[in-house]
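The structure file start12.cif is reproduced below (mmCIF, C-alpha atoms).
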data_protein
loop_
_atom_site.label_atom_id
_atom_site.label_comp_id
_atom_site.auth_asym_id
_atom_site.auth_seq_id
_atom_site.Cartn_x
_atom_site.Cartn_y
_atom_site.Cartn_z
CA MET A 1 -53.78 -1.55 -88.78
CA SER A 2 -55.81 -1.32 -91.96
CA GLY A 3 -56.46 -2.83 -95.39
CA ALA A 4 -54.99 -6.30 -95.88
CA TRP A 5 -53.48 -6.05 -92.38
CA HIS A 6 -56.70 -5.44 -90.44
CA VAL A 7 -57.30 -9.02 -89.21
CA GLY A 8 -55.39 -10.62 -86.37
CA ALA A 9 -54.99 -10.95 -82.63
CA ARG A 10 -54.88 -8.09 -80.15
CA HIS A 11 -53.27 -8.42 -76.73
CA PRO A 12 -53.74 -5.77 -74.01
CA ALA A 13 -50.78 -4.23 -72.26
CA LYS A 14 -49.32 -6.30 -69.42
CA GLY A 15 -47.56 -5.27 -66.23
CA ALA A 16 -45.97 -1.84 -66.45
CA GLY A 17 -46.70 -1.75 -70.19
CA GLY A 18 -44.33 -0.29 -72.73
CA PRO A 19 -44.34 0.75 -76.38
CA PRO A 20 -46.92 -0.78 -78.72
CA LEU A 21 -45.81 -4.01 -80.40
CA VAL A 22 -46.52 -5.17 -83.94
CA LEU A 23 -45.56 -8.85 -84.36
CA LEU A 24 -45.58 -10.62 -87.74
CA HIS A 25 -45.65 -14.42 -88.11
CA GLY A 26 -43.95 -16.41 -90.87
CA PHE A 27 -45.15 -18.24 -93.98
CA LEU A 28 -47.73 -20.91 -93.08
CA GLY A 29 -47.87 -19.34 -89.60
CA ALA A 30 -50.50 -17.58 -87.54
CA PRO A 31 -50.76 -14.74 -84.99
CA ALA A 32 -50.75 -17.37 -82.21
CA ALA A 33 -47.11 -18.12 -83.07
CA TRP A 34 -46.25 -15.14 -80.84
CA ASP A 35 -48.29 -16.32 -77.83
CA GLU A 36 -45.40 -18.00 -76.02
CA VAL A 37 -43.14 -15.01 -76.63
CA LEU A 38 -45.70 -12.63 -75.13
CA ALA A 39 -46.28 -15.01 -72.22
CA ALA A 40 -42.53 -14.91 -71.46
CA LEU A 41 -42.51 -11.11 -71.24
CA PRO A 42 -43.13 -9.82 -67.69
CA GLN A 43 -44.50 -6.63 -69.20
CA HIS A 44 -45.33 -5.26 -72.62
CA GLY A 45 -47.43 -2.62 -74.30
CA PRO A 46 -50.53 -3.34 -76.39
CA ALA A 47 -49.60 -5.96 -78.99
CA TRP A 48 -51.06 -6.43 -82.44
CA CYS A 49 -50.36 -9.70 -84.27
CA PRO A 50 -51.89 -9.42 -87.74
CA TRP A 51 -52.40 -12.23 -90.20
CA LEU A 52 -50.01 -11.87 -93.11
CA PRO A 53 -51.84 -11.28 -96.41
CA GLY A 54 -52.98 -14.59 -97.88
CA HIS A 55 -52.94 -16.32 -94.49
CA GLY A 56 -55.90 -17.30 -92.33
CA PRO A 57 -58.85 -14.95 -92.89
CA ALA A 58 -56.67 -12.18 -94.37
CA PRO A 59 -57.62 -11.46 -98.00
CA PRO A 60 -55.10 -12.22 -100.76
CA THR A 61 -54.40 -8.53 -101.37
CA PRO A 62 -52.65 -6.21 -102.21
CA ALA A 63 -51.23 -6.94 -105.62
CA SER A 64 -47.49 -6.53 -105.08
CA TRP A 65 -44.68 -6.69 -102.54
CA ASP A 66 -44.39 -2.89 -102.61
CA ALA A 67 -48.10 -2.39 -101.98
CA ALA A 68 -48.08 -4.87 -99.09
CA VAL A 69 -45.14 -3.13 -97.41
CA GLN A 70 -46.53 0.34 -98.02
CA ALA A 71 -49.83 -0.67 -96.39
CA LEU A 72 -47.98 -2.13 -93.41
CA ALA A 73 -45.70 0.88 -93.00
CA ALA A 74 -48.65 3.28 -93.16
CA ALA A 75 -50.52 1.34 -90.49
CA LEU A 76 -47.72 1.12 -87.90
CA PRO A 77 -48.46 3.06 -84.71
CA ALA A 78 -45.99 5.79 -83.79
CA GLY A 79 -43.39 4.70 -81.26
CA ALA A 80 -43.95 0.99 -81.92
CA VAL A 81 -41.50 -1.88 -81.77
CA LEU A 82 -41.89 -4.00 -84.91
CA ALA A 83 -40.87 -7.66 -84.99
CA GLY A 84 -41.23 -10.43 -87.53
CA TYR A 85 -40.22 -14.03 -88.12
CA SER A 86 -38.98 -15.30 -91.52
CA LEU A 87 -41.46 -13.96 -94.12
CA GLY A 88 -42.74 -11.62 -91.42
CA ALA A 89 -39.17 -10.46 -90.80
CA ARG A 90 -38.68 -9.70 -94.48
CA LEU A 91 -41.83 -7.59 -94.59
CA ALA A 92 -40.90 -5.97 -91.27
CA LEU A 93 -37.44 -4.97 -92.48
CA ASP A 94 -38.74 -3.23 -95.59
CA ALA A 95 -41.51 -1.52 -93.61
CA ALA A 96 -39.05 -0.42 -90.92
CA LEU A 97 -36.67 1.12 -93.45
CA ARG A 98 -39.60 3.09 -94.88
CA SER A 99 -40.97 4.11 -91.47
CA ALA A 100 -37.93 5.57 -89.65
CA PRO A 101 -37.97 7.48 -87.37
CA ARG A 102 -41.53 6.55 -86.34
CA LEU A 103 -40.44 3.14 -85.03
CA CYS A 104 -38.52 2.71 -81.79
CA GLY A 105 -36.91 -0.56 -82.82
CA THR A 106 -37.16 -3.59 -85.09
CA LEU A 107 -36.45 -7.26 -84.31
CA LEU A 108 -35.90 -9.64 -87.22
CA VAL A 109 -36.09 -13.34 -86.31
CA GLY A 110 -34.55 -15.48 -89.06
CA GLY A 111 -34.82 -12.57 -91.47
CA HIS A 112 -33.47 -12.14 -95.01
CA VAL A 113 -32.36 -8.88 -96.62
CA GLY A 114 -33.25 -9.76 -100.22
CA LEU A 115 -31.35 -11.32 -103.09
CA ALA A 116 -28.56 -9.28 -104.71
CA ASP A 117 -27.68 -11.72 -107.51
CA ALA A 118 -29.94 -11.75 -110.58
CA ALA A 119 -29.34 -15.44 -111.30
CA GLU A 120 -30.13 -16.36 -107.71
CA ARG A 121 -33.30 -14.27 -107.87
CA ALA A 122 -34.39 -15.98 -111.09
CA GLU A 123 -33.77 -19.42 -109.59
CA ARG A 124 -35.74 -18.53 -106.46
CA ALA A 125 -38.60 -17.28 -108.64
CA ARG A 126 -38.66 -20.68 -110.37
CA VAL A 127 -38.65 -22.52 -107.03
CA ASP A 128 -41.47 -20.41 -105.62
CA ALA A 129 -43.48 -20.77 -108.83
CA ARG A 130 -43.23 -24.57 -108.45
CA ARG A 131 -44.36 -24.27 -104.83
CA ALA A 132 -47.30 -22.08 -105.79
CA ALA A 133 -48.29 -24.55 -108.52
CA ALA A 134 -48.13 -27.41 -106.01
CA LEU A 135 -50.47 -25.52 -103.68
CA ARG A 136 -52.94 -24.84 -106.48
CA ALA A 137 -52.90 -28.39 -107.79
CA GLY A 138 -52.44 -30.70 -104.83
CA PRO A 139 -53.71 -31.37 -101.32
CA LEU A 140 -52.43 -29.03 -98.61
CA PRO A 141 -51.27 -31.86 -96.29
CA ALA A 142 -48.79 -33.05 -98.93
CA PHE A 143 -47.40 -29.54 -99.35
CA VAL A 144 -47.08 -29.08 -95.57
CA ALA A 145 -45.27 -32.42 -95.25
CA ASP A 146 -42.79 -31.35 -97.95
CA TRP A 147 -42.35 -27.95 -96.28
CA GLU A 148 -41.62 -29.53 -92.89
CA ALA A 149 -39.05 -31.82 -94.52
CA LEU A 150 -36.92 -28.87 -95.72
CA PRO A 151 -33.40 -28.93 -94.20
CA LEU A 152 -34.04 -25.44 -92.81
CA PHE A 153 -36.48 -26.95 -90.30
CA ALA A 154 -34.51 -30.06 -89.36
CA THR A 155 -34.00 -28.95 -85.74
CA GLN A 156 -37.75 -28.85 -85.17
CA ARG A 157 -37.96 -32.62 -85.52
CA GLU A 158 -36.37 -32.87 -82.06
CA LEU A 159 -39.22 -30.91 -80.47
CA PRO A 160 -42.01 -32.61 -78.49
CA ALA A 161 -44.54 -34.34 -80.72
CA ALA A 162 -47.41 -32.31 -79.27
CA LEU A 163 -45.70 -29.04 -80.19
CA GLN A 164 -45.05 -30.23 -83.74
CA ALA A 165 -48.66 -31.40 -84.05
CA ARG A 166 -49.96 -28.02 -82.89
CA GLN A 167 -47.88 -26.24 -85.51
CA ARG A 168 -49.01 -28.67 -88.23
CA ALA A 169 -52.67 -28.12 -87.34
CA ALA A 170 -52.22 -24.35 -87.69
CA ARG A 171 -50.58 -24.82 -91.07
CA LEU A 172 -53.35 -27.09 -92.34
CA ALA A 173 -55.99 -24.48 -91.48
CA HIS A 174 -54.89 -22.23 -94.35
CA ASP A 175 -56.41 -21.83 -97.80
CA PRO A 176 -53.91 -23.32 -100.29
CA GLN A 177 -55.03 -20.95 -103.07
CA ALA A 178 -54.35 -17.92 -100.89
CA LEU A 179 -50.97 -19.36 -99.89
CA ALA A 180 -50.10 -19.77 -103.57
CA TRP A 181 -50.90 -16.09 -104.05
CA ALA A 182 -48.58 -15.31 -101.12
CA PHE A 183 -45.71 -16.97 -103.00
CA ASP A 184 -46.56 -14.94 -106.11
CA VAL A 185 -46.54 -11.60 -104.27
CA THR A 186 -44.42 -11.94 -101.13
CA GLY A 187 -41.93 -14.66 -102.08
CA LEU A 188 -38.24 -13.94 -101.62
CA ALA A 189 -37.81 -13.30 -105.35
CA CYS A 190 -40.37 -10.47 -105.07
CA MET A 191 -38.45 -8.75 -102.25
CA PRO A 192 -36.00 -6.02 -103.27
CA ASP A 193 -32.37 -6.18 -102.21
CA LEU A 194 -32.40 -4.08 -99.03
CA ARG A 195 -28.64 -4.17 -98.39
CA PRO A 196 -28.01 -0.59 -99.63
CA ALA A 197 -30.86 0.85 -97.55
CA LEU A 198 -29.79 -1.19 -94.52
CA ALA A 199 -26.20 0.01 -94.87
CA ALA A 200 -27.42 3.61 -94.67
CA ALA A 201 -29.96 3.07 -91.88
CA ARG A 202 -29.67 5.03 -88.65
CA GLN A 203 -32.30 3.18 -86.63
CA PRO A 204 -32.06 0.25 -84.20
CA ILE A 205 -32.53 -3.04 -86.05
CA CYS A 206 -31.61 -6.37 -84.45
CA PHE A 207 -31.23 -9.67 -86.29
CA LEU A 208 -31.89 -12.73 -84.11
CA THR A 209 -30.85 -16.16 -85.38
CA GLY A 210 -30.38 -19.65 -84.00
CA ALA A 211 -26.86 -21.02 -83.72
CA LEU A 212 -28.07 -24.13 -85.58
CA ASP A 213 -29.22 -21.99 -88.51
CA PRO A 214 -25.82 -21.15 -90.05
CA ARG A 215 -27.08 -19.76 -93.36
CA PHE A 216 -29.27 -17.08 -91.78
CA GLY A 217 -26.72 -16.53 -89.03
CA ALA A 218 -23.99 -15.75 -91.57
CA LEU A 219 -26.33 -13.44 -93.48
CA ALA A 220 -27.23 -11.53 -90.31
CA ALA A 221 -23.61 -11.29 -89.20
CA SER A 222 -22.64 -9.84 -92.57
CA GLN A 223 -25.11 -6.99 -92.09
CA ALA A 224 -24.20 -6.11 -88.48
CA ARG A 225 -23.13 -2.51 -88.01
CA PRO A 226 -23.32 -1.56 -84.33
CA PRO A 227 -24.81 0.39 -82.74
CA TRP A 228 -27.56 0.57 -85.37
CA ILE A 229 -27.63 -2.91 -86.89
CA THR A 230 -26.90 -5.71 -84.44
CA HIS A 231 -26.96 -9.50 -84.46
CA ARG A 232 -27.79 -11.80 -81.55
CA GLN A 233 -27.52 -15.57 -81.64
CA VAL A 234 -29.47 -18.20 -79.66
CA ASP A 235 -27.55 -21.34 -78.72
CA GLY A 236 -29.07 -24.75 -79.37
CA ALA A 237 -31.84 -23.54 -81.69
CA GLY A 238 -32.53 -23.45 -85.41
CA HIS A 239 -34.53 -21.22 -87.73
CA ASN A 240 -37.95 -20.95 -86.06
CA LEU A 241 -37.06 -19.34 -82.73
CA LEU A 242 -40.70 -18.51 -82.00
CA LEU A 243 -41.29 -22.25 -81.77
CA GLU A 244 -37.90 -23.46 -80.52
CA ALA A 245 -36.81 -20.69 -78.14
CA PRO A 246 -39.66 -18.26 -77.34
CA ALA A 247 -37.99 -17.09 -74.10
CA ALA A 248 -34.91 -16.02 -76.06
CA VAL A 249 -37.11 -14.11 -78.51
CA ALA A 250 -38.85 -12.47 -75.55
CA ALA A 251 -35.48 -11.40 -74.12
CA ALA A 252 -34.44 -9.85 -77.44
CA LEU A 253 -37.81 -8.15 -77.76
CA ALA A 254 -37.47 -6.79 -74.23
CA SER A 255 -34.12 -5.26 -75.21
CA CYS A 256 -35.79 -3.53 -78.16
CA MET A 257 -38.54 -2.27 -75.84
CA ALA A 258 -36.00 -0.99 -73.33
CA GLY A 259 -34.38 1.13 -76.00
CA ALA A 260 -37.70 2.69 -76.97
#

Any chance you could put this one into structure tokens?
Amino acid sequence: MSGAWHVGARHPAKGAGGPPLVLLHGFLGAPAAWDEVLAALPQHGPAWCPWLPGHGPAPPTPASWDAAVQALAAALPAGAVLAGYSLGARLALDAALRSAPRLCGTLLVGGHVGLADAAERAERARVDARRAAALRAGPLPAFVADWEALPLFATQRELPAALQARQRAARLAHDPQALAWAFDVTGLACMPDLRPALAAARQPICFLTGALDPRFGALAASQARPPWITHRQVDGAGHNLLLEAPAAVAAALASCMAGA
């Protein structure tokens, strides 16, 4: 991995190994978000969990969504399985569509395909601009508290307090100015509508959603086109499956690896 994607966590191959893995965390996340998933895999190839641009020590570059995805796609090792959660899934999907047939499979956990409606895109741009302004103007703990209160994450409030506290500590370690840049460059309004490219894709891409995350579940189901584009659902879990159901993510990742 190179450029804005050069910093992150490396994990050696385990057990009988397998294809290389590239695992992308979500907004406000960290490479360690994949630790429990990797621990649940009995075997895997060398894994690279980069910091998303604007997160942790990663620099707030490049200057656009397209440049970020191009840099990621160019850095992917041949024969890899690519996976991402939420923001990471959005970046992974675009990179995967640009990288076929070099990838062996792609797993999208709580992933979006981009906004098709111009009015919806404009509204999302306004929402993300407000969020970026809040990060630039106010204390990070207040922003994190508001983020955790979003209905999308309601199921996480049932998790053990220690697990929630660990996630909050990781979120509070970020630079709010760099996170604001991430909204400007990698927000959903910046992402192109990938439905046409996905409809034409001839590569294995799996959407994984929680049964308690109906909005993303419906979106994933609408894109399913077996055998290339598939959708798997995890019972009793919401949006952040890395946190809520890492064993289920590991099982889906193992299926992608088996097809490599």

Give me the residues near A:Asp66 as a ChimeraX atom specification, where near means some atom within 10 Å (using all atoms listed in the file) and where sequence neighbours in that chain fewer than 4 positions away do not count.
/A:62,70-72,91,94-95,185-186,190-192

Residues returned when the PyMOL selection byres ((chain A and resi 37) around 10) runs on this file, as a ChimeraX atom specification:
/A:32-36,38-41,241-243,245-251,253

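Remark: for A:Trp51, the closest of the candidate residues A:Arg166, A:His174, A:Arg121, A:Arg131 is A:His174 (distances computed over all atoms listed in the file).
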
Where does the PyMOL selection byres ((chain A and resi 179-182) around 9) land in this file, that is, which residues does it pick, as an mmCIF file with C-alpha atoms, in the frame of the given file?
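The new file part21.cif reads:
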data_model
loop_
_atom_site.group_PDB
_atom_site.id
_atom_site.type_symbol
_atom_site.label_atom_id
_atom_site.label_comp_id
_atom_site.auth_asym_id
_atom_site.auth_seq_id
_atom_site.Cartn_x
_atom_site.Cartn_y
_atom_site.Cartn_z
ATOM 1 C CA PHE A 27 -45.150 -18.240 -93.980
ATOM 2 C CA LEU A 28 -47.730 -20.910 -93.080
ATOM 3 C CA LEU A 52 -50.010 -11.870 -93.110
ATOM 4 C CA PRO A 53 -51.840 -11.280 -96.410
ATOM 5 C CA GLY A 54 -52.980 -14.590 -97.880
ATOM 6 C CA HIS A 55 -52.940 -16.320 -94.490
ATOM 7 C CA PRO A 60 -55.100 -12.220 -100.760
ATOM 8 C CA THR A 61 -54.400 -8.530 -101.370
ATOM 9 C CA ASP A 128 -41.470 -20.410 -105.620
ATOM 10 C CA ALA A 129 -43.480 -20.770 -108.830
ATOM 11 C CA ARG A 131 -44.360 -24.270 -104.830
ATOM 12 C CA ALA A 132 -47.300 -22.080 -105.790
ATOM 13 C CA ALA A 133 -48.290 -24.550 -108.520
ATOM 14 C CA ALA A 134 -48.130 -27.410 -106.010
ATOM 15 C CA LEU A 135 -50.470 -25.520 -103.680
ATOM 16 C CA ARG A 136 -52.940 -24.840 -106.480
ATOM 17 C CA HIS A 174 -54.890 -22.230 -94.350
ATOM 18 C CA ASP A 175 -56.410 -21.830 -97.800
ATOM 19 C CA PRO A 176 -53.910 -23.320 -100.290
ATOM 20 C CA GLN A 177 -55.030 -20.950 -103.070
ATOM 21 C CA ALA A 178 -54.350 -17.920 -100.890
ATOM 22 C CA PHE A 183 -45.710 -16.970 -103.000
ATOM 23 C CA ASP A 184 -46.560 -14.940 -106.110
ATOM 24 C CA VAL A 185 -46.540 -11.600 -104.270
ATOM 25 C CA THR A 186 -44.420 -11.940 -101.130
ATOM 26 C CA GLY A 187 -41.930 -14.660 -102.080
#

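Interatomic distance, atom CA of A:Arg202 against atom CA of A:Arg225: 10.0 Å.
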
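Shown here are all protein and nucleic acid residues lying within 12 Å of (-34.6, -31.4, -85.8), with only C-alpha atoms considered: Glu148, Ala149, Leu150, Pro151, Leu152, Phe153, Ala154, Thr155, Gln156, Arg157, Glu158, Leu159, Pro160, Ala161, Gln164, Leu212, Asp213, Gly236, Ala237, Gly238, His239, Asn240 and Glu244 of chain A.
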
With the file shown as input, list the residues that the PyMOL selection byres ((chain A and resi 43) around 7) selects, as a tab-separated table (two decimals) with C-alpha atoms, keeping the file's coordinate frame.
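The result, written out as part_36.tsv:
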chain	number	residue	atom	x	y	z
A	14	LYS	CA	-49.32	-6.30	-69.42
A	15	GLY	CA	-47.56	-5.27	-66.23
A	16	ALA	CA	-45.97	-1.84	-66.45
A	17	GLY	CA	-46.70	-1.75	-70.19
A	41	LEU	CA	-42.51	-11.11	-71.24
A	42	PRO	CA	-43.13	-9.82	-67.69
A	44	HIS	CA	-45.33	-5.26	-72.62

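Nearest residue to A:Leu108, choosing from A:Gly84, A:Pro19, A:Pro204, A:Pro46 and counting only C-alpha atoms: A:Gly84.
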
Might I get the box with edges along x, y and z of the file that holds all atoms of stretch 132-142 of chain A listed there, padded by 3 Å on every side, given as centre and edge lengths in Å to one decimal, as JSON?
{"center_x": -50.5, "center_y": -27.6, "center_z": -102.4, "size_x": 12.4, "size_y": 17.0, "size_z": 18.2}

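When atom CA of A:Ala67 is paired with atom CA of A:Val81, their separation reads 21.3 Å.
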
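Distance annotation: of A:Ala96, A:Leu163, A:Leu107, A:Ala58, the residue with the minimal separation from A:His231 is A:Leu107; atom set is all atoms listed in the file.
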
Distance criterion (all atoms listed in the file): nearest to A:Arg90 out of A:Gly105, A:Pro31, A:Pro139, A:Gly26:
A:Gly26

From the options A:Pro50, A:Glu120, A:Leu82, A:Arg171, which residue's atoms come nearest to A:Met257, counting all atoms listed in the file?
A:Leu82

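The nearest approach to A:His25 among the residues A:Ala170, A:Leu219, A:Leu97, A:Leu87, with all atoms listed in the file taken into account, belongs to A:Leu87.
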
Atom CA of A:Phe216 to atom CA of A:Gly79 measures 28.0 Å

Contacts of A:Ala221 at 10 Å or less, counting only C-alpha atoms, minus same-chain residues fewer than 6 places along, as a ChimeraX atom specification?
/A:207-209,229-233

Neighbours of A:Ala89 within 7 Å (all atoms listed in the file; same-chain residues fewer than 6 positions away dropped), as a PyMOL selection string?
chain A and resi 83+108-109+111
